[in-house]
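> First, the structure itself, so that you have it in front of you.
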Amino acid sequence: MASIKYKVSIENPLKHQFRIQISFVPNTDKLMHISLPNWIPGSYMIRDFAKHVLELKAQDTSGELVIETISKNRFAISHNQQEVTVTYLYYAFDMSVRKAYLDQEFGFINPASALFCIDELKDQTCLVELVKSNNPIIANWQPASGLTGVDHTDSFAWGHYSAKNYLEFTDYPILFGELDIAEFSVANTPHFLVTVGQHFGDLQRAAKDLKPLCQYHIDMFDGLPEGVDKYLFLTMVTDSGFGGLEHLNSTALVCSRFDILKQEQEIDDNYTTFLSLCSHEYLHTWNVKRLKPKEFIPYQLEQEVYTKQLWFYEGMTSYFDDLSLLETNTITQDKYLEILAKTFTRIEKGQGQLRQSVTESSLHTWTKFYQQDEAAPDQIVSYYQKGAAIACLMDLIIKQDSQGKIALKDLMHKAWNLYGKEQIGTTQQQLEDLFKSFIGTQNHDLLHDVLYNTNKIDLIAAFARSGIELSYQSQQSATHAQGIVENSTNNWLGCVVALNNGYLVVKQVLENSPAEQAGIAVNDHLIAIDNFRLNNLNIEKVLSTVIGKNTSVHYFRKDKLYQAPLTVEASPKFVASLTIKDTEKAKLWLG
Ligand SMILES: [Zn+2]
């Protein structure tokens with residue numbers, strides 16, 4: 001069968017350019033069309049990847065061919081019914097898991113962002129050649145991807161690989177660099193933790209910690225999905241980045257070089273978060289890559305695709321990413337309760353949950369969740385966080401009702417068997433019916449309520465039945481609700497500030513807060529409270545001296561100085577904490 005030949009070369013790391021060559025034989029005497037996706041599955045935002053294409057050309061043995069622009073991401077090629085070769089440079093300087101990146105330290109390509117689809121031939125096999133560069137500064141680089149090797153089984157060799165068709169090809173991100181690799185076997189399947197970029201840890205230690213997490217998810221679904229004969233954690237190590245994107249037999253990750261630990265180091269919060277991220281993306285191998293909304297079958301990558309179901313696909317995954325750490329004894333029970341409470345704090349902090357339901361949040365993800373502005377905490381609810389809270393609530397109910405005989409895990413397993421294994425896809429109704437079959441009729445209204453209504457999700461009663469007290473307190477200090485916004489102070493004032501050029505610049509103002517009542521807005525520069533000049537070191541102390549007092553605040557807006565009356569109050573009670581009150585009852589949920 002005919003195939004499309006892709007050649008990926010590293011043109012110039014210092015200019016952040018890949019050179020791409022695509023050869024194909026037209027199957028029609030009419031125009032052939034090439035197109036790039038506008039978004040990448042798992043990250044619901046129109047990103048217009050084609051804007052990074054440079055010097056697009058097409059030619060055959062007779063010379064250069066005419067390329068006509070059809071739209072921002074689609075081109076038509078006139079041809080002579082013989083092999084056509086398309087060439088271009090791709091500018092790769094997006095330090096994230098969503099596009100492509102290249103510098104002298106490492107490179108990364110999501111095929112969805114950089115490699116054209118030949119529209120008329122999208123079902124043809126893609127043969128992919130990864131070309132070793134003779135540039136001496138990258139002489140020791142190797143590629144790493146989940147692609148299937150042609151004539152070799154090594155995942156880290158320069159040379160030829162293949163993918164069944166274009167859509168599958170888009171799901172094999174490729175990493176380039178001086179690879180650090182730790183191999184471990186789970187369910188008789190080779191797994192690889194691969195990093196590029198300098199770190200100070202030991203990958204063998206991370207591999208040892210990842211193995212039980214992978215096994216946990218494999219057990220949940222009774223084995224790896226068909227066709228997954230290897231799995232790669234493809235990790236770009238940077239100064240402070242963080243993120244992940246799920247793929248068919250790999251995940252692309254970004255982490256900080258300080259996240260990965262040495263063998264003997266005690267587990268800390270950053271490393272815990274890294275393991276949780278790995279666990280999250282690994283679970284996606286089933287939940288969203290194969291078991292997925294019907295609307296995503298097949299993915300339409302030109303324009304937005306709308307679904308209500310992300311509360312399930314991201315919410316369940318977010319719940320199990322941390323629970324898996326507890327249930328594999330990677331973290332302690334206390335640490336788990338602390339992490340879970342932080343999720344509840346984030347939901348409770350703004351007014352967002354009172355304005356948007358979790359199904360609306362999913363539908364509007366393209367313009368709201370993925371394009372959050374400073375007002376987001378008061379306007380939208382995260383389907384990750386509220387979805388995880390729903391998962392937790394359902395897990396509590398299922399375990400309580402069945403006296404611990406079944407759990408949310410069994411629901412996931414059933415969803416997989418019904419809709420995932422054969423990749424049939426789910427509808428919102430099917431997911432709801434599945435939950436209803438697990439929770440008993442007395443809770444059907446509750447399910448509807450948490451999915452469609454905008455009242456606060458009430459977890460207190462369900463936790464109490466499991467011997468756990470969920471309580472909410474006022475924020476005591478900026479670090480009390482740590483992790484909500486890093487490097488920020490939002491103590492009692494109800495606004496988030498960041499230091500910028502020596503000024504405390506307002507980044508966010510919470511609704512009904514003292515800051516809002518004083519007229520403070522985003523981008524204002526806070527100068528003084530109670531006539532004391534503010535800096536990032538003293539703001540909390542100054543605030544703590546004026547609680548309940550009628551005082552004043554000075555701030556610059558644009559270049560004009562304002563003074564306004566200010567009354568600093570205790571914060572609303574949004575900081576969640578979970579405390580075990582009855583160890584026996586709690587065992588039913590926590591084991
Ligand atoms: Zn996810």
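Letters for chains follow the order of the structure tokens (A, B, ...), residue numbers begin at 1 for each chain, and ligand numbers begin at 1 in the order shown.
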Kindly assemble as a Markdown table a list of the chain A residues that lie within 9 Å of ligand 1, each paired with its nearest atom pair and their distance in Å to one decimal, using only C-alpha atoms and all ligand atoms, sorted first by chain and then by ascending residue number.

```
| residue | atom | partner | partner_atom_place_in_ligand_line | distance |
| --- | --- | --- | --- | --- |
| A:Gly42 | CA | ligand 1 | 1 (Zn) | 7.1 |
| A:Ser43 | CA | ligand 1 | 1 (Zn) | 8.9 |
| A:Gly244 | CA | ligand 1 | 1 (Zn) | 7.7 |
| A:Leu245 | CA | ligand 1 | 1 (Zn) | 7.1 |
| A:Glu246 | CA | ligand 1 | 1 (Zn) | 7.2 |
| A:Leu277 | CA | ligand 1 | 1 (Zn) | 8.6 |
| A:His280 | CA | ligand 1 | 1 (Zn) | 6.2 |
| A:Glu281 | CA | ligand 1 | 1 (Zn) | 6.1 |
| A:Leu283 | CA | ligand 1 | 1 (Zn) | 8.6 |
| A:His284 | CA | ligand 1 | 1 (Zn) | 6.7 |
| A:Val288 | CA | ligand 1 | 1 (Zn) | 8.4 |
| A:Tyr313 | CA | ligand 1 | 1 (Zn) | 7.3 |
| A:Glu314 | CA | ligand 1 | 1 (Zn) | 4.9 |
| A:Gly315 | CA | ligand 1 | 1 (Zn) | 8.1 |
| A:Thr317 | CA | ligand 1 | 1 (Zn) | 6.3 |
| A:Ser318 | CA | ligand 1 | 1 (Zn) | 6.9 |
| A:Tyr384 | CA | ligand 1 | 1 (Zn) | 7.8 |
```
> Restricting the output to N, CA and C atoms, write the selected residues as a PDB file, in the first residue's frame.

```pdb
ATOM      1  N   GLY A  42      -6.778  17.017  23.996  1.00  0.00           N
ATOM      2  CA  GLY A  42      -6.364  17.105  25.395  1.00  0.00           C
ATOM      3  C   GLY A  42      -6.130  18.534  25.841  1.00  0.00           C
ATOM      4  N   SER A  43      -6.024  19.446  24.887  1.00  0.00           N
ATOM      5  CA  SER A  43      -5.792  20.852  25.215  1.00  0.00           C
ATOM      6  C   SER A  43      -6.741  21.669  24.346  1.00  0.00           C
ATOM      7  N   GLY A 244       1.448  18.383  31.450  1.00  0.00           N
ATOM      8  CA  GLY A 244       1.470  17.082  30.796  1.00  0.00           C
ATOM      9  C   GLY A 244       0.379  16.991  29.753  1.00  0.00           C
ATOM     10  N   LEU A 245       0.608  16.136  28.760  1.00  0.00           N
ATOM     11  CA  LEU A 245      -0.422  15.882  27.758  1.00  0.00           C
ATOM     12  C   LEU A 245      -0.385  14.399  27.407  1.00  0.00           C
ATOM     13  N   GLU A 246      -1.570  13.804  27.402  1.00  0.00           N
ATOM     14  CA  GLU A 246      -1.690  12.369  27.212  1.00  0.00           C
ATOM     15  C   GLU A 246      -1.654  11.993  25.731  1.00  0.00           C
ATOM     16  N   LEU A 277       1.252  13.909  38.511  1.00  0.00           N
ATOM     17  CA  LEU A 277       1.109  14.260  37.089  1.00  0.00           C
ATOM     18  C   LEU A 277       1.321  13.019  36.210  1.00  0.00           C
ATOM     19  N   HIS A 280      -1.639  10.797  36.533  1.00  0.00           N
ATOM     20  CA  HIS A 280      -2.765  11.402  35.811  1.00  0.00           C
ATOM     21  C   HIS A 280      -2.676  11.082  34.317  1.00  0.00           C
ATOM     22  N   GLU A 281      -1.531  11.355  33.736  1.00  0.00           N
ATOM     23  CA  GLU A 281      -1.390  11.157  32.288  1.00  0.00           C
ATOM     24  C   GLU A 281      -1.458   9.676  31.928  1.00  0.00           C
ATOM     25  N   LEU A 283      -3.206   7.357  33.470  1.00  0.00           N
ATOM     26  CA  LEU A 283      -4.614   6.947  33.507  1.00  0.00           C
ATOM     27  C   LEU A 283      -5.346   7.372  32.234  1.00  0.00           C
ATOM     28  N   HIS A 284      -4.920   8.490  31.667  1.00  0.00           N
ATOM     29  CA  HIS A 284      -5.527   8.943  30.407  1.00  0.00           C
ATOM     30  C   HIS A 284      -5.302   7.944  29.262  1.00  0.00           C
ATOM     31  N   VAL A 288      -9.853   8.776  28.197  1.00  0.00           N
ATOM     32  CA  VAL A 288      -9.892   9.913  27.258  1.00  0.00           C
ATOM     33  C   VAL A 288      -9.119   9.625  25.974  1.00  0.00           C
ATOM     34  N   TYR A 313     -13.950  12.984  32.227  1.00  0.00           N
ATOM     35  CA  TYR A 313     -12.639  12.581  31.707  1.00  0.00           C
ATOM     36  C   TYR A 313     -11.479  13.241  32.449  1.00  0.00           C
ATOM     37  N   GLU A 314     -11.648  14.497  32.851  1.00  0.00           N
ATOM     38  CA  GLU A 314     -10.586  15.125  33.645  1.00  0.00           C
ATOM     39  C   GLU A 314     -10.840  14.990  35.143  1.00  0.00           C
ATOM     40  N   GLY A 315     -12.103  14.997  35.535  1.00  0.00           N
ATOM     41  CA  GLY A 315     -12.425  14.918  36.962  1.00  0.00           C
ATOM     42  C   GLY A 315     -12.047  13.575  37.573  1.00  0.00           C
ATOM     43  N   THR A 317      -9.985  11.446  36.372  1.00  0.00           N
ATOM     44  CA  THR A 317      -8.530  11.299  36.263  1.00  0.00           C
ATOM     45  C   THR A 317      -7.831  12.096  37.366  1.00  0.00           C
ATOM     46  N   SER A 318      -8.355  13.279  37.658  1.00  0.00           N
ATOM     47  CA  SER A 318      -7.745  14.099  38.715  1.00  0.00           C
ATOM     48  C   SER A 318      -7.950  13.477  40.096  1.00  0.00           C
ATOM     49  N   TYR A 384     -11.821  20.128  36.206  1.00  0.00           N
ATOM     50  CA  TYR A 384     -10.832  19.259  36.860  1.00  0.00           C
ATOM     51  C   TYR A 384     -11.148  19.172  38.355  1.00  0.00           C
TER      52      TYR A 384
END
```
> If we count only C-alpha atoms, what is near Lys409 of chain A at a cut-off of 9 Å, once residues fewer than 4 positions away on the same chain are taken out, given as a ChimeraX atom specification?
/A:220-221,320,395,413-414
> Give the answer as one residue: which of A:Gln371, A:Ser357, A:Thr345, A:Gln263 has the shortest atom-to-atom distance to Phe574 of chain A, using only C-alpha atoms?
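Nearest candidate to Phe574 of chain A out of A:Gln371, A:Ser357, A:Thr345, A:Gln263: A:Thr345.
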> Expressed in Å to a single decimal, how great is the separation between atom CA of Val186 of chain A and atom CA of Ile218 of chain A?
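Value for the atom CA of Val186 of chain A-atom CA of Ile218 of chain A distance: 8.7 Å.
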> Pick from A:Tyr503, A:Glu302, A:Met45, A:Arg557: nearest to Arg74 of chain A, with only C-alpha atoms counted?
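Nearest to Arg74 of chain A: A:Glu302.
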> Please build the interface table for segment 158-213 of chain A against segment 3-22 of chain A with a cut-off of 12 Å, listing for each qualifying residue the nearest atom pair and the distance in Å to one decimal; count only C-alpha atoms, order rows by chain and increasing number, and write it as a tab-separated table.

```
residue	atom	partner	partner_atom	distance
A:Trp158	CA	A:Val8	CA	10.3
A:Gly159	CA	A:Lys7	CA	9.6
A:His160	CA	A:Lys7	CA	9.1
A:Tyr161	CA	A:Tyr6	CA	9.6
A:Ser162	CA	A:Lys5	CA	9.3
A:Ala163	CA	A:Ser3	CA	10.0
A:Lys164	CA	A:Ser3	CA	9.5
A:Asn165	CA	A:Ser3	CA	8.9
A:Tyr166	CA	A:Ile4	CA	9.1
A:Phe169	CA	A:Tyr6	CA	10.5
A:Ile174	CA	A:Val8	CA	10.1
A:Leu175	CA	A:Ile10	CA	11.7
A:Phe176	CA	A:Ile10	CA	9.3
A:Gly177	CA	A:Pro13	CA	10.9
```
> Just C-alpha atoms for this one: save the residues we selected as a short mmCIF file (atom, residue, chain, number, x, y, z; two decimals), in the first residue's frame.

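Saved the output as out-v9.cif:
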```cif
data_model
loop_
_atom_site.label_atom_id
_atom_site.label_comp_id
_atom_site.auth_asym_id
_atom_site.auth_seq_id
_atom_site.Cartn_x
_atom_site.Cartn_y
_atom_site.Cartn_z
CA TRP A 158 17.60 7.72 14.41
CA GLY A 159 15.96 6.16 11.38
CA HIS A 160 12.59 4.98 10.18
CA TYR A 161 9.32 4.64 12.07
CA SER A 162 5.73 4.21 11.05
CA ALA A 163 2.20 5.14 12.11
CA LYS A 164 -1.02 3.61 10.79
CA ASN A 165 -2.47 6.87 9.49
CA TYR A 166 -2.22 10.61 9.99
CA PHE A 169 0.73 9.88 13.81
CA ILE A 174 8.82 13.06 19.60
CA LEU A 175 11.52 14.18 21.99
CA PHE A 176 15.11 14.95 20.92
CA GLY A 177 18.15 15.48 23.08
#
```
> Extract, using only C-alpha atoms, all DNA, RNA and protein residues at most 10 Å from Glu584 of chain A, discarding same-chain residues fewer than 6 positions from it, and format them as number ranges by chain.
A: 466-467, 591
> Once you have the residues from the selection above, write them out as an mmCIF file, in the first residue's frame, restricted to C-alpha atoms.

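So selection-v6.cif came out as:
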```
data_model
loop_
_atom_site.group_PDB
_atom_site.id
_atom_site.type_symbol
_atom_site.label_atom_id
_atom_site.label_comp_id
_atom_site.auth_asym_id
_atom_site.auth_seq_id
_atom_site.Cartn_x
_atom_site.Cartn_y
_atom_site.Cartn_z
ATOM 1 C CA SER A 466 -17.201 8.073 56.504
ATOM 2 C CA GLY A 467 -15.939 9.303 59.859
ATOM 3 C CA GLY A 591 -8.591 1.392 53.087
#
```
> Write out as a list in words the residues lying within 10 Å of Ala252 of chain A, counting only C-alpha atoms and excluding same-chain residues fewer than 6 positions away.
Ser96, Val97, Arg98, Phe108, Ile109, Asn110, Ser145, Tyr172, Pro173, Ile174, Leu175, Val194, Leu232, Phe233, Leu234, Thr235, Met236, Gly243, Gly244, Leu245, Glu246, Cys278 and Glu281 of chain A
> DSSP on the backbone: what in segment 102-349 of chain A comes out alpha helix (DSSP H), as an NGL selection string?
:A and (111-114 or 166-169 or 203-221 or 269-283 or 310-313 or 315-327 or 333-349)
